[in-house]
file run.csv (CSV, C-alpha atoms and all ligand atoms)
chain,number,residue,atom,x,y,z
A,3,MET,CA,18.1,15.9,23.5
A,4,ASN,CA,20.2,12.8,23.5
A,5,LEU,CA,18.3,9.5,23.9
A,6,SER,CA,20.5,6.5,24.5
A,7,SER,CA,19.9,3.3,22.6
A,8,SER,CA,18.4,1.8,25.7
A,9,ASP,CA,16.1,4.8,26.2
A,10,ILE,CA,14.9,4.3,22.7
A,11,GLU,CA,14.3,0.6,23.2
A,12,GLN,CA,12.4,1.4,26.4
A,13,LEU,CA,10.2,4.0,24.6
A,14,LEU,CA,9.4,1.7,21.7
A,15,THR,CA,8.4,-1.2,23.9
A,16,THR,CA,7.0,0.1,27.2
A,17,SER,CA,3.3,-0.5,27.9
A,18,ASP,CA,3.3,2.2,30.7
A,19,PRO,CA,0.6,4.6,29.6
A,20,THR,CA,2.1,7.5,31.6
A,21,ALA,CA,5.5,7.0,29.9
A,22,ILE,CA,3.8,7.0,26.5
A,23,ASP,CA,1.8,10.1,27.2
A,24,GLU,CA,4.9,11.9,28.4
A,25,LEU,CA,6.7,10.9,25.2
A,26,PHE,CA,3.9,12.4,23.0
A,27,ALA,CA,3.8,15.6,25.1
A,28,GLU,CA,7.6,16.0,24.9
A,29,GLY,CA,7.4,15.5,21.1
A,30,GLY,CA,4.8,18.3,20.8
A,31,ARG,CA,6.8,20.5,23.2
A,32,VAL,CA,10.0,20.2,21.2
A,33,ARG,CA,8.2,21.0,17.9
A,34,ASP,CA,6.7,24.1,19.6
A,35,GLU,CA,10.1,25.2,20.6
A,36,VAL,CA,11.4,25.2,17.0
A,37,TYR,CA,8.3,25.8,14.9
A,38,GLY,CA,5.7,27.1,17.3
A,39,HIS,CA,2.1,26.1,16.9
A,40,GLN,CA,2.5,26.0,13.1
A,41,VAL,CA,1.7,23.3,10.6
A,42,PHE,CA,2.8,23.5,7.0
A,43,MET,CA,0.5,22.4,4.2
A,44,ARG,CA,1.9,20.8,1.0
A,45,GLY,CA,-0.2,20.0,-2.1
A,46,LEU,CA,0.6,16.5,-3.2
A,47,ILE,CA,0.3,15.9,-6.9
A,48,GLU,CA,0.6,12.2,-7.9
A,49,ILE,CA,2.0,12.6,-11.4
A,50,SER,CA,2.3,8.9,-12.5
A,51,ASN,CA,1.6,5.4,-11.2
A,52,HIS,CA,3.8,3.8,-13.9
A,53,CYS,CA,6.8,2.3,-12.1
A,54,LYS,CA,9.8,0.3,-13.3
A,55,ASN,CA,10.4,-1.1,-9.8
A,56,ASP,CA,8.9,-4.1,-8.2
A,57,CYS,CA,9.0,-3.3,-4.5
A,58,LEU,CA,7.3,-6.2,-2.8
A,59,TYR,CA,5.1,-4.0,-0.6
A,60,CYS,CA,3.8,-1.5,-3.1
A,61,GLY,CA,0.5,-1.6,-4.9
A,62,ILE,CA,1.8,0.1,-8.0
A,63,ARG,CA,4.8,-2.2,-8.4
A,64,ARG,CA,5.6,-3.1,-12.0
A,65,SER,CA,4.2,-6.6,-11.8
A,66,ASN,CA,0.9,-5.6,-10.2
A,67,HIS,CA,-2.0,-5.4,-12.7
A,68,CYS,CA,-3.6,-2.0,-12.1
A,69,GLN,CA,-4.8,0.7,-14.3
A,70,ARG,CA,-1.9,3.0,-15.2
A,71,TYR,CA,-2.0,6.8,-15.8
A,72,ARG,CA,0.3,9.7,-16.0
A,73,LEU,CA,-0.5,13.4,-15.9
A,74,SER,CA,0.6,15.8,-18.7
A,75,PRO,CA,2.8,18.8,-17.8
A,76,GLU,CA,-0.3,21.0,-18.4
A,77,GLN,CA,-2.4,18.9,-16.0
A,78,ILE,CA,0.3,19.2,-13.4
A,79,LEU,CA,0.4,23.0,-13.8
A,80,ASP,CA,-3.4,23.1,-13.5
A,81,CYS,CA,-3.1,21.3,-10.2
A,82,CYS,CA,-0.6,23.9,-9.0
A,83,ARG,CA,-3.0,26.7,-10.1
A,84,THR,CA,-5.8,25.1,-8.1
A,85,GLY,CA,-3.4,24.6,-5.2
A,86,ARG,CA,-2.2,28.2,-5.2
A,87,ARG,CA,-5.8,29.4,-5.0
A,88,LEU,CA,-6.3,27.2,-2.0
A,89,GLY,CA,-3.3,28.8,-0.3
A,90,PHE,CA,-0.6,26.2,-0.9
A,91,ARG,CA,3.0,27.4,-1.0
A,92,THR,CA,4.6,24.0,-1.7
A,93,PHE,CA,3.8,21.5,-4.5
A,94,VAL,CA,5.0,17.9,-4.1
A,95,LEU,CA,5.4,16.1,-7.4
A,96,GLN,CA,5.3,12.4,-6.5
A,97,GLY,CA,5.3,9.4,-8.8
A,98,GLY,CA,6.6,6.0,-9.6
A,99,GLU,CA,9.8,5.6,-11.5
A,100,ASP,CA,8.4,6.4,-14.9
A,101,ALA,CA,10.9,6.8,-17.7
A,102,TRP,CA,8.4,9.0,-19.6
A,103,PHE,CA,9.4,11.8,-17.1
A,104,THR,CA,12.8,12.4,-18.5
A,105,ASP,CA,15.1,15.1,-17.1
A,106,ASP,CA,14.0,17.4,-20.0
A,107,ILE,CA,10.3,16.9,-19.2
A,108,VAL,CA,10.7,17.3,-15.4
A,109,CYS,CA,12.9,20.4,-15.8
A,110,GLY,CA,10.4,21.9,-18.1
A,111,ILE,CA,7.7,21.4,-15.5
A,112,ILE,CA,9.8,22.9,-12.7
A,113,HIS,CA,10.6,25.9,-14.9
A,114,SER,CA,6.9,26.5,-15.6
A,115,ILE,CA,5.9,26.2,-12.0
A,116,LYS,CA,8.7,28.5,-10.8
A,117,ALA,CA,7.8,31.0,-13.5
A,118,GLU,CA,4.2,31.1,-12.5
A,119,PHE,CA,4.6,30.7,-8.8
A,120,PRO,CA,8.0,32.2,-7.9
A,121,ASP,CA,7.1,32.3,-4.2
A,122,CYS,CA,6.3,28.6,-4.0
A,123,ALA,CA,8.6,25.6,-3.3
A,124,VAL,CA,8.8,22.5,-5.5
A,125,THR,CA,9.4,19.2,-3.9
A,126,LEU,CA,10.1,16.1,-6.0
A,127,SER,CA,9.5,12.5,-5.0
A,128,LEU,CA,10.3,10.6,-8.1
A,129,GLY,CA,12.5,7.8,-6.8
A,130,GLU,CA,16.1,7.0,-7.6
A,131,ARG,CA,17.8,8.8,-10.5
A,132,GLY,CA,21.4,9.3,-11.2
A,133,ARG,CA,23.4,12.1,-9.7
A,134,GLU,CA,23.6,14.0,-13.0
A,135,SER,CA,19.8,13.9,-13.2
A,136,PHE,CA,19.4,15.1,-9.7
A,137,ALA,CA,21.8,17.9,-10.5
A,138,ARG,CA,19.7,19.0,-13.5
A,139,LEU,CA,16.5,19.0,-11.5
A,140,ARG,CA,18.2,21.1,-8.8
A,141,GLU,CA,19.5,23.6,-11.4
A,142,ALA,CA,16.0,23.9,-12.8
A,143,GLY,CA,14.9,25.1,-9.4
A,144,ALA,CA,13.6,22.1,-7.4
A,145,ASP,CA,14.0,22.9,-3.7
A,146,ARG,CA,13.4,19.6,-2.0
A,147,TYR,CA,13.5,15.9,-2.7
A,148,LEU,CA,11.8,13.0,-0.8
A,149,LEU,CA,13.3,9.5,-1.1
A,150,ARG,CA,12.4,7.2,1.7
A,151,HIS,CA,15.3,5.0,2.6
A,152,GLU,CA,12.6,2.3,3.6
A,153,THR,CA,14.9,0.6,6.1
A,154,ALA,CA,18.5,1.4,7.3
A,155,ASP,CA,19.2,-2.4,7.6
A,156,ALA,CA,20.7,-3.8,4.4
A,157,THR,CA,19.4,-7.3,5.1
A,158,HIS,CA,15.9,-6.0,5.8
A,159,TYR,CA,16.1,-3.9,2.7
A,160,ALA,CA,16.8,-7.0,0.6
A,161,LEU,CA,13.7,-8.7,2.0
A,162,LEU,CA,11.5,-5.8,0.8
A,163,HIS,CA,12.9,-5.2,-2.6
A,164,PRO,CA,13.9,-7.2,-5.7
A,165,LYS,CA,17.5,-7.9,-6.0
A,166,GLU,CA,18.2,-5.3,-8.7
A,167,MET,CA,17.4,-2.6,-6.1
A,168,ARG,CA,20.5,-1.9,-4.0
A,169,PHE,CA,20.5,-0.6,-0.5
A,170,ASP,CA,23.8,1.1,-1.0
A,171,TYR,CA,22.6,2.9,-4.1
A,172,ARG,CA,19.5,4.2,-2.4
A,173,MET,CA,21.6,5.6,0.4
A,174,GLN,CA,24.0,7.1,-2.1
A,175,CYS,CA,21.1,8.9,-3.7
A,176,LEU,CA,20.3,10.6,-0.4
A,177,TYR,CA,23.9,11.8,0.1
A,178,ASP,CA,24.0,13.0,-3.6
A,179,LEU,CA,20.8,15.0,-3.1
A,180,ARG,CA,22.1,16.6,0.1
A,181,ASP,CA,25.4,17.4,-1.7
A,182,LEU,CA,23.5,19.1,-4.5
A,183,GLY,CA,21.8,21.5,-2.2
A,184,PHE,CA,18.3,19.9,-1.9
A,185,GLN,CA,16.4,19.8,1.4
A,186,VAL,CA,16.3,16.1,1.7
A,187,GLY,CA,13.7,13.7,3.1
A,188,CYS,CA,14.2,10.1,4.0
A,189,GLY,CA,11.7,7.8,5.8
A,190,PHE,CA,10.3,4.3,6.3
A,191,MET,CA,7.1,2.3,6.9
A,192,VAL,CA,6.3,1.3,10.4
A,193,GLY,CA,5.4,-2.4,10.7
A,194,SER,CA,6.8,-3.4,7.3
A,195,PRO,CA,7.3,-7.2,7.0
A,196,ARG,CA,10.3,-8.5,9.0
A,197,GLN,CA,10.9,-5.1,10.7
A,198,THR,CA,12.2,-5.5,14.3
A,199,ILE,CA,13.1,-3.2,17.1
A,200,GLU,CA,16.7,-3.6,16.0
A,201,THR,CA,16.0,-2.4,12.4
A,202,LEU,CA,13.9,0.5,13.8
A,203,LYS,CA,16.8,1.5,16.1
A,204,LYS,CA,19.0,1.5,12.9
A,205,ASP,CA,16.5,3.8,11.2
A,206,LEU,CA,16.6,6.2,14.2
A,207,ALA,CA,20.4,6.1,14.3
A,208,PHE,CA,20.5,6.9,10.6
A,209,ILE,CA,18.2,9.8,11.0
A,210,ALA,CA,20.1,11.1,14.0
A,211,ASP,CA,23.3,10.9,12.0
A,212,PHE,CA,22.2,12.1,8.5
A,213,ARG,CA,19.9,14.8,9.9
A,214,PRO,CA,17.6,15.0,6.9
A,215,GLU,CA,15.5,18.1,6.6
A,216,MET,CA,12.3,15.9,6.3
A,217,VAL,CA,11.3,12.5,7.5
A,218,GLY,CA,8.2,10.7,6.2
A,219,ILE,CA,7.0,7.7,8.2
A,220,GLY,CA,3.6,6.0,8.2
A,221,PRO,CA,2.3,2.6,9.0
A,222,PHE,CA,2.7,-0.2,6.4
A,223,ILE,CA,-0.7,-1.1,4.9
A,224,PRO,CA,-1.1,-4.2,2.8
A,225,ALA,CA,-1.7,-3.7,-0.9
A,226,ALA,CA,-3.9,-6.0,-2.9
A,227,GLY,CA,-2.1,-8.1,-5.5
A,228,THR,CA,1.4,-7.8,-3.8
A,229,PRO,CA,3.4,-10.5,-2.1
A,230,PHE,CA,2.6,-8.9,1.2
A,231,GLU,CA,-1.1,-8.5,0.6
A,232,ASN,CA,-2.0,-10.7,3.6
A,233,ASN,CA,0.5,-9.2,6.0
A,234,PRO,CA,-0.9,-7.2,9.0
A,235,ALA,CA,-0.9,-3.4,8.9
A,236,GLY,CA,1.6,-1.6,11.0
A,237,SER,CA,0.6,-0.1,14.3
A,238,VAL,CA,-0.7,3.5,14.6
A,239,GLU,CA,0.5,3.6,18.2
A,240,LEU,CA,4.0,2.6,17.3
A,241,THR,CA,4.0,5.2,14.5
A,242,LEU,CA,3.1,7.9,16.9
A,243,ARG,CA,5.8,6.9,19.3
A,244,LEU,CA,8.4,7.0,16.4
A,245,LEU,CA,7.2,10.4,15.3
A,246,ALA,CA,7.7,11.7,18.9
A,247,ILE,CA,11.2,10.1,19.2
A,248,ILE,CA,12.3,11.5,15.8
A,249,ARG,CA,11.1,15.0,16.8
A,250,ILE,CA,13.1,14.7,20.1
A,251,LEU,CA,16.2,13.3,18.4
A,252,HIS,CA,16.1,15.9,15.6
A,253,PRO,CA,14.1,18.9,16.7
A,254,HIS,CA,14.3,20.9,13.5
A,255,VAL,CA,13.0,18.2,11.2
A,256,LEU,CA,9.9,18.7,9.0
A,257,LEU,CA,7.7,15.8,10.0
A,258,PRO,CA,4.5,15.0,8.1
A,259,ALA,CA,1.4,13.4,9.6
A,260,THR,CA,1.1,11.0,6.7
A,261,THR,CA,-1.9,9.8,4.7
A,262,ALA,CA,-1.3,6.2,5.8
A,263,LEU,CA,-1.9,7.3,9.5
A,264,GLY,CA,-5.1,9.1,8.5
A,265,THR,CA,-6.2,6.0,6.6
A,266,LEU,CA,-5.8,3.7,9.6
A,267,HIS,CA,-7.2,6.0,12.2
A,268,PRO,CA,-9.8,8.9,11.9
A,269,THR,CA,-7.8,11.2,14.2
A,270,GLY,CA,-4.4,9.7,13.3
A,271,ARG,CA,-3.3,13.0,11.9
A,272,GLU,CA,-4.3,15.1,14.9
A,273,ARG,CA,-2.6,12.6,17.2
A,274,ALA,CA,0.5,12.8,15.1
A,275,ILE,CA,0.6,16.6,15.4
A,276,ALA,CA,0.1,16.4,19.2
A,277,ALA,CA,3.2,14.0,19.2
A,278,GLY,CA,5.4,16.4,17.2
A,279,ALA,CA,4.5,16.3,13.5
A,280,ASN,CA,4.3,19.7,11.7
A,281,VAL,CA,3.4,19.0,8.1
A,282,VAL,CA,0.2,17.8,6.3
A,283,MET,CA,0.1,16.9,2.6
A,284,PRO,CA,-3.4,16.8,1.3
A,285,ASN,CA,-4.0,15.4,-2.2
A,286,LEU,CA,-4.1,17.9,-5.1
A,287,SER,CA,-4.1,15.4,-7.9
A,288,PRO,CA,-7.0,15.5,-10.4
A,289,GLN,CA,-10.1,13.8,-8.8
A,290,ASP,CA,-10.3,11.0,-11.4
A,291,THR,CA,-6.7,9.8,-10.9
A,292,ARG,CA,-6.6,9.7,-7.1
A,293,ALA,CA,-8.1,6.2,-6.7
A,294,LEU,CA,-5.5,4.9,-9.2
A,295,TYR,CA,-2.5,5.9,-7.1
A,296,SER,CA,-3.2,2.9,-4.9
A,297,ILE,CA,0.1,2.2,-3.2
A,298,TYR,CA,-1.9,0.4,-0.5
A,299,ASN,CA,-5.5,-0.6,0.2
A,300,ASN,CA,-8.2,2.0,1.0
A,301,LYS,CA,-5.8,4.9,0.7
A,302,LEU,CA,-7.6,8.2,1.6
A,303,SER,CA,-7.7,11.0,-0.9
A,304,THR,CA,-11.0,12.7,0.1
A,305,GLY,CA,-12.2,14.6,3.1
A,306,SER,CA,-9.3,16.0,5.1
A,307,GLU,CA,-6.8,14.2,2.8
A,308,SER,CA,-8.1,16.3,-0.1
A,309,ALA,CA,-6.7,19.7,-1.0
A,310,GLU,CA,-10.2,21.0,-1.7
A,311,SER,CA,-10.7,20.7,2.0
A,312,ALA,CA,-8.0,23.1,2.8
A,313,ALA,CA,-10.4,25.4,4.7
A,314,ASP,CA,-11.7,22.4,6.7
A,315,ILE,CA,-8.2,21.2,7.4
A,316,ARG,CA,-7.3,24.6,8.8
A,317,LEU,CA,-10.4,24.4,11.0
A,318,ARG,CA,-9.5,21.0,12.3
A,319,LEU,CA,-5.9,22.2,13.0
A,320,ALA,CA,-7.2,25.3,14.7
A,321,ALA,CA,-9.3,23.0,17.0
A,322,ILE,CA,-6.1,21.5,18.3
A,323,GLY,CA,-4.4,24.9,18.6
A,324,MET,CA,-2.4,24.9,15.4
A,325,GLU,CA,-2.3,27.4,12.5
A,326,VAL,CA,-1.2,27.1,8.9
A,327,PRO,CA,1.0,30.1,8.1
A,328,ASP,CA,1.2,31.6,4.6
A,329,ASP,CA,4.8,30.5,4.2
A,330,ARG,CA,6.7,28.0,2.1
A,331,GLY,CA,7.6,26.2,5.3
A,332,ASP,CA,11.3,25.6,4.7
A,333,TYR,CA,13.5,23.8,7.1
A,334,LYS,CA,14.6,26.0,9.9
A,335,LYS,CA,18.3,25.8,10.5
A,401,LIG,N1,2.0,0.8,2.9
A,401,LIG,C1,2.4,1.9,3.4
A,401,LIG,N2,3.3,2.7,2.7
A,401,LIG,C2,3.7,2.3,1.5
A,401,LIG,N3,4.6,2.8,0.6
A,401,LIG,C3,4.6,2.0,-0.5
A,401,LIG,N4,3.8,1.0,-0.3
A,401,LIG,C4,3.2,1.1,0.9
A,401,LIG,C5,2.3,0.3,1.7
A,401,LIG,N5,1.9,-0.8,1.2
A,401,LIG,C6,5.4,4.0,0.9
A,401,LIG,C7,6.8,3.7,0.7
A,401,LIG,C8,7.2,4.6,-0.4
A,401,LIG,C9,6.1,5.7,-0.3
A,401,LIG,C10,5.9,6.4,-1.6
A,401,LIG,O1,5.0,5.0,0.1
A,401,LIG,O2,7.6,4.0,1.9
A,401,LIG,O3,8.5,5.2,-0.3
call {"tool": "encode", "arguments": {"input": "run.csv", "output": "structure tokens"}}
result
Amino acid sequence: MNLSSSDIEQLLTTSDPTAIDELFAEGGRVRDEVYGHQVFMRGLIEISNHCKNDCLYCGIRRSNHCQRYRLSPEQILDCCRTGRRLGFRTFVLQGGEDAWFTDDIVCGIIHSIKAEFPDCAVTLSLGERGRESFARLREAGADRYLLRHETADATHYALLHPKEMRFDYRMQCLYDLRDLGFQVGCGFMVGSPRQTIETLKKDLAFIADFRPEMVGIGPFIPAAGTPFENNPAGSVELTLRLLAIIRILHPHVLLPATTALGTLHPTGRERAIAAGANVVMPNLSPQDTRALYSIYNNKLSTGSESAESAADIRLRLAAIGMEVPDDRGDYKK
């Protein structure tokens, strides 16, 4: 469906409860048309919280003093083994930009996962790398790559990032990934400092134009020790509206109900699914490292954000009429 710029503005700003309910219902209906009552589950493995970047919003930014860790390739493979037993068919390797994870190392990990689990998809979320590096990861067998664009407005981007991080380069990475045959995910935080309706409209226009296979959005949550530690968190309600709008603008997108939503609201994830989301990504990292991947305060990694709760997650989804298929959950063209 085509939403005009003024339709979008209206949907983002209205306080009419009927209009909002209709938006959520439409988001759910469009998702059902493409994917049915199915939600895909991904096992999230946080492989390192070392990061060379200094993004102003992020709790694991270089200049924040927090305890650092990285998983060994064998630990990562063990997480996949646990995940496969729990029924996962996609493993998401996410981490800060950690130079220890060279192309050789990451390619070795991808090869091992693919050799042991040929029927599973590997998603990477390891930040910006060069095109040559992305090409090697793709050749090694990685299927998907998540790299949130963070904001589609260059001026806003510069307010959230140190000057060595370039908006144009980040966007170039997304086009390179697409070009190399990855299923690509972009995304942004809702309620990040200095975000406006105008910058959000640019995010939506970018998504409508780029048509990424995946879009990750969640509310901004302040992180202790960062320049934005005293900024207010983003709104759950606005996040839900954006999820529905993204679903309507781009019906085939794989759209997670993110951990940040679940962190701010006990039924945030269910409400996201009702509004059109169709992916959940519970945490499959080793128990003792979960608390260390503290990109924002109070980040959930237990209960229904935990992979060990896969059975419970299925039950909670069944209660809202959704099933988790035994399927990699690739983008449907
Ligand atoms: N609140 C919410 N999301 C955050 N991210 C980083 N810091 C925060 C925060 N304080 C998101 C960014 C990044 C992803 C890994 O997590 O969008 O791309």
call {"tool": "residues_near_ligand", "arguments": {"input": "run.csv", "ligand": "ligand LIG 401 (chain A)", "cutoff": "7 Å", "atoms": "only C-alpha atoms and all ligand atoms", "output": "VMD selection string"}}
result
chain A and resid 59 to 61 149 to 150 152 189 to 191 220 to 225 262 297 to 298
call {"tool": "atom_distance", "arguments": {"input": "run.csv", "atom1": "atom CA of A:Val186", "atom2": "atom CA of A:Ala27"}}
result
26.5 Å
call {"tool": "closest_residue", "arguments": {"input": "run.csv", "among": "A:Val217, A:Ala274, A:Leu244, A:Ala321", "to": "A:Gly193", "atoms": "all atoms listed in the file"}}
result
A:Leu244
call {"tool": "residues_around", "arguments": {"input": "run.csv", "residues": "A:Thr241", "least_positions_apart": "3", "cutoff": "12 Å", "atoms": "all atoms listed in the file", "output": "PDB file with C-alpha atoms, in the frame of the given file"}}
result
ATOM      1  CA  LEU A  13      10.200   4.000  24.600  1.00  0.00           C
ATOM      2  CA  LEU A  14       9.400   1.700  21.700  1.00  0.00           C
ATOM      3  CA  PHE A  26       3.900  12.400  23.000  1.00  0.00           C
ATOM      4  CA  GLY A 189      11.700   7.800   5.800  1.00  0.00           C
ATOM      5  CA  PHE A 190      10.300   4.300   6.300  1.00  0.00           C
ATOM      6  CA  MET A 191       7.100   2.300   6.900  1.00  0.00           C
ATOM      7  CA  VAL A 192       6.300   1.300  10.400  1.00  0.00           C
ATOM      8  CA  GLY A 193       5.400  -2.400  10.700  1.00  0.00           C
ATOM      9  CA  SER A 194       6.800  -3.400   7.300  1.00  0.00           C
ATOM     10  CA  LEU A 202      13.900   0.500  13.800  1.00  0.00           C
ATOM     11  CA  GLY A 218       8.200  10.700   6.200  1.00  0.00           C
ATOM     12  CA  ILE A 219       7.000   7.700   8.200  1.00  0.00           C
ATOM     13  CA  GLY A 220       3.600   6.000   8.200  1.00  0.00           C
ATOM     14  CA  PRO A 221       2.300   2.600   9.000  1.00  0.00           C
ATOM     15  CA  PHE A 222       2.700  -0.200   6.400  1.00  0.00           C
ATOM     16  CA  ALA A 235      -0.900  -3.400   8.900  1.00  0.00           C
ATOM     17  CA  GLY A 236       1.600  -1.600  11.000  1.00  0.00           C
ATOM     18  CA  SER A 237       0.600  -0.100  14.300  1.00  0.00           C
ATOM     19  CA  VAL A 238      -0.700   3.500  14.600  1.00  0.00           C
ATOM     20  CA  LEU A 244       8.400   7.000  16.400  1.00  0.00           C
ATOM     21  CA  LEU A 245       7.200  10.400  15.300  1.00  0.00           C
ATOM     22  CA  ALA A 246       7.700  11.700  18.900  1.00  0.00           C
ATOM     23  CA  ILE A 247      11.200  10.100  19.200  1.00  0.00           C
ATOM     24  CA  ILE A 248      12.300  11.500  15.800  1.00  0.00           C
ATOM     25  CA  PRO A 258       4.500  15.000   8.100  1.00  0.00           C
ATOM     26  CA  ALA A 259       1.400  13.400   9.600  1.00  0.00           C
ATOM     27  CA  THR A 260       1.100  11.000   6.700  1.00  0.00           C
ATOM     28  CA  ALA A 262      -1.300   6.200   5.800  1.00  0.00           C
ATOM     29  CA  LEU A 263      -1.900   7.300   9.500  1.00  0.00           C
ATOM     30  CA  GLY A 264      -5.100   9.100   8.500  1.00  0.00           C
ATOM     31  CA  LEU A 266      -5.800   3.700   9.600  1.00  0.00           C
ATOM     32  CA  HIS A 267      -7.200   6.000  12.200  1.00  0.00           C
ATOM     33  CA  GLY A 270      -4.400   9.700  13.300  1.00  0.00           C
ATOM     34  CA  ARG A 271      -3.300  13.000  11.900  1.00  0.00           C
ATOM     35  CA  ARG A 273      -2.600  12.600  17.200  1.00  0.00           C
ATOM     36  CA  ALA A 274       0.500  12.800  15.100  1.00  0.00           C
ATOM     37  CA  ILE A 275       0.600  16.600  15.400  1.00  0.00           C
ATOM     38  CA  ALA A 277       3.200  14.000  19.200  1.00  0.00           C
ATOM     39  CA  GLY A 278       5.400  16.400  17.200  1.00  0.00           C
ATOM     40  CA  ALA A 279       4.500  16.300  13.500  1.00  0.00           C
TER      41      ALA A 279
END
call {"tool": "atom_distance", "arguments": {"input": "run.csv", "atom1": "atom CA of A:Asp205", "atom2": "atom CA of A:Thr228"}}
result
24.2 Å
call {"tool": "residues_around", "arguments": {"input": "run.csv", "residues": "A:Ala210", "least_positions_apart": "4", "cutoff": "7 Å", "atoms": "all atoms listed in the file", "output": "short mmCIF file (atom, residue, chain, number, x, y, z; two decimals) with C-alpha atoms, keeping the file's coordinate frame"}}
result
data_model
loop_
_atom_site.label_atom_id
_atom_site.label_comp_id
_atom_site.auth_asym_id
_atom_site.auth_seq_id
_atom_site.Cartn_x
_atom_site.Cartn_y
_atom_site.Cartn_z
CA LEU A 206 16.60 6.20 14.20
CA LEU A 251 16.20 13.30 18.40
CA HIS A 252 16.10 15.90 15.60
#
call {"tool": "residues_around", "arguments": {"input": "run.csv", "residues": "A:Asp34", "least_positions_apart": "5", "cutoff": "12 Å", "atoms": "all atoms listed in the file", "output": "PyMOL selection string"}}
result
chain A and resi 27-29+39-41+249-250+253-254+275-280+323-325
call {"tool": "residues_around", "arguments": {"input": "run.csv", "residues": "stretch 161-166 of chain A", "least_positions_apart": "5", "cutoff": "7 Å", "atoms": "all atoms listed in the file", "output": "list of chain:residue names"}}
result
A:Asp56, A:Cys57, A:Leu58, A:Tyr59
call {"tool": "residues_around", "arguments": {"input": "run.csv", "residues": "A:Cys175", "least_positions_apart": "4", "cutoff": "9 Å", "atoms": "all atoms listed in the file", "output": "MDAnalysis selection string"}}
result
chainID A and resid 130:133 136 149 170:171 179:180
call {"tool": "write_last_selection", "arguments": {"input": "run.csv", "atoms": "C-alpha atoms", "output": "PDB file, in the frame of the given file"}}
result
ATOM      1  CA  GLU A 130      16.100   7.000  -7.600  1.00  0.00           C
ATOM      2  CA  ARG A 131      17.800   8.800 -10.500  1.00  0.00           C
ATOM      3  CA  GLY A 132      21.400   9.300 -11.200  1.00  0.00           C
ATOM      4  CA  ARG A 133      23.400  12.100  -9.700  1.00  0.00           C
ATOM      5  CA  PHE A 136      19.400  15.100  -9.700  1.00  0.00           C
ATOM      6  CA  LEU A 149      13.300   9.500  -1.100  1.00  0.00           C
ATOM      7  CA  ASP A 170      23.800   1.100  -1.000  1.00  0.00           C
ATOM      8  CA  TYR A 171      22.600   2.900  -4.100  1.00  0.00           C
ATOM      9  CA  LEU A 179      20.800  15.000  -3.100  1.00  0.00           C
ATOM     10  CA  ARG A 180      22.100  16.600   0.100  1.00  0.00           C
TER      11      ARG A 180
END
call {"tool": "closest_residue", "arguments": {"input": "run.csv", "among": "A:Glu76, A:Asp178, A:Met283, A:Glu239", "to": "A:Gln96", "atoms": "only C-alpha atoms"}}
result
A:Met283
call {"tool": "closest_residue", "arguments": {"input": "run.csv", "among": "A:Ile199, A:Val281, A:Ala226, A:Val108", "to": "A:Gln12", "atoms": "all atoms listed in the file"}}
result
A:Ile199
call {"tool": "closest_residue", "arguments": {"input": "run.csv", "among": "A:Pro284, A:Gly183, A:Gly143, A:Pro120", "to": "A:Val94", "atoms": "all atoms listed in the file"}}
result
A:Pro284
call {"tool": "closest_residue", "arguments": {"input": "run.csv", "among": "A:Phe42, A:Tyr71, A:Phe119, A:Tyr159", "to": "A:Pro195", "atoms": "only C-alpha atoms"}}
result
A:Tyr159
call {"tool": "atom_distance", "arguments": {"input": "run.csv", "atom1": "atom CA of A:Met173", "atom2": "atom CA of A:Glu134"}}
result
15.9 Å
call {"tool": "closest_residue", "arguments": {"input": "run.csv", "among": "A:Phe184, A:Phe230, A:Gln174, A:Cys122", "to": "A:Arg138", "atoms": "only C-alpha atoms"}}
result
A:Phe184
call {"tool": "residues_near_point", "arguments": {"input": "run.csv", "point": "(21.2, 5.1, 15.7)", "cutoff": "10 Å", "atoms": "all atoms listed in the file", "output": "NGL selection string"}}
result
:A and (5-7 or 10 or 154 or 200-211 or 251)
call {"tool": "build_atoms", "arguments": {"input": "run.csv", "residues": "stretch 236-241 of chain A", "atoms": "N, CA, C and O atoms", "output": "PDB file, in the coordinates of the input"}}
result
ATOM      1  N   GLY A 236       0.778  -2.051   9.904  1.00  0.00           N
ATOM      2  CA  GLY A 236       1.600  -1.600  11.000  1.00  0.00           C
ATOM      3  C   GLY A 236       0.726  -0.872  12.058  1.00  0.00           C
ATOM      4  O   GLY A 236      -0.447  -0.576  11.820  1.00  0.00           O
ATOM      5  N   SER A 237       1.338  -0.600  13.206  1.00  0.00           N
ATOM      6  CA  SER A 237       0.600  -0.100  14.300  1.00  0.00           C
ATOM      7  C   SER A 237       0.591   1.478  14.323  1.00  0.00           C
ATOM      8  O   SER A 237       1.636   2.114  14.154  1.00  0.00           O
ATOM      9  N   VAL A 238      -0.608   2.038  14.506  1.00  0.00           N
ATOM     10  CA  VAL A 238      -0.700   3.500  14.600  1.00  0.00           C
ATOM     11  C   VAL A 238       0.026   3.966  15.879  1.00  0.00           C
ATOM     12  O   VAL A 238       0.762   4.961  15.848  1.00  0.00           O
ATOM     13  N   GLU A 239      -0.146   3.242  16.962  1.00  0.00           N
ATOM     14  CA  GLU A 239       0.500   3.600  18.200  1.00  0.00           C
ATOM     15  C   GLU A 239       2.010   3.694  18.090  1.00  0.00           C
ATOM     16  O   GLU A 239       2.664   4.641  18.548  1.00  0.00           O
ATOM     17  N   LEU A 240       2.574   2.669  17.460  1.00  0.00           N
ATOM     18  CA  LEU A 240       4.000   2.600  17.300  1.00  0.00           C
ATOM     19  C   LEU A 240       4.492   3.776  16.384  1.00  0.00           C
ATOM     20  O   LEU A 240       5.534   4.401  16.606  1.00  0.00           O
ATOM     21  N   THR A 241       3.693   4.058  15.361  1.00  0.00           N
ATOM     22  CA  THR A 241       4.000   5.200  14.500  1.00  0.00           C
ATOM     23  C   THR A 241       4.076   6.481  15.244  1.00  0.00           C
ATOM     24  O   THR A 241       4.998   7.294  15.065  1.00  0.00           O
TER      25      THR A 241
END
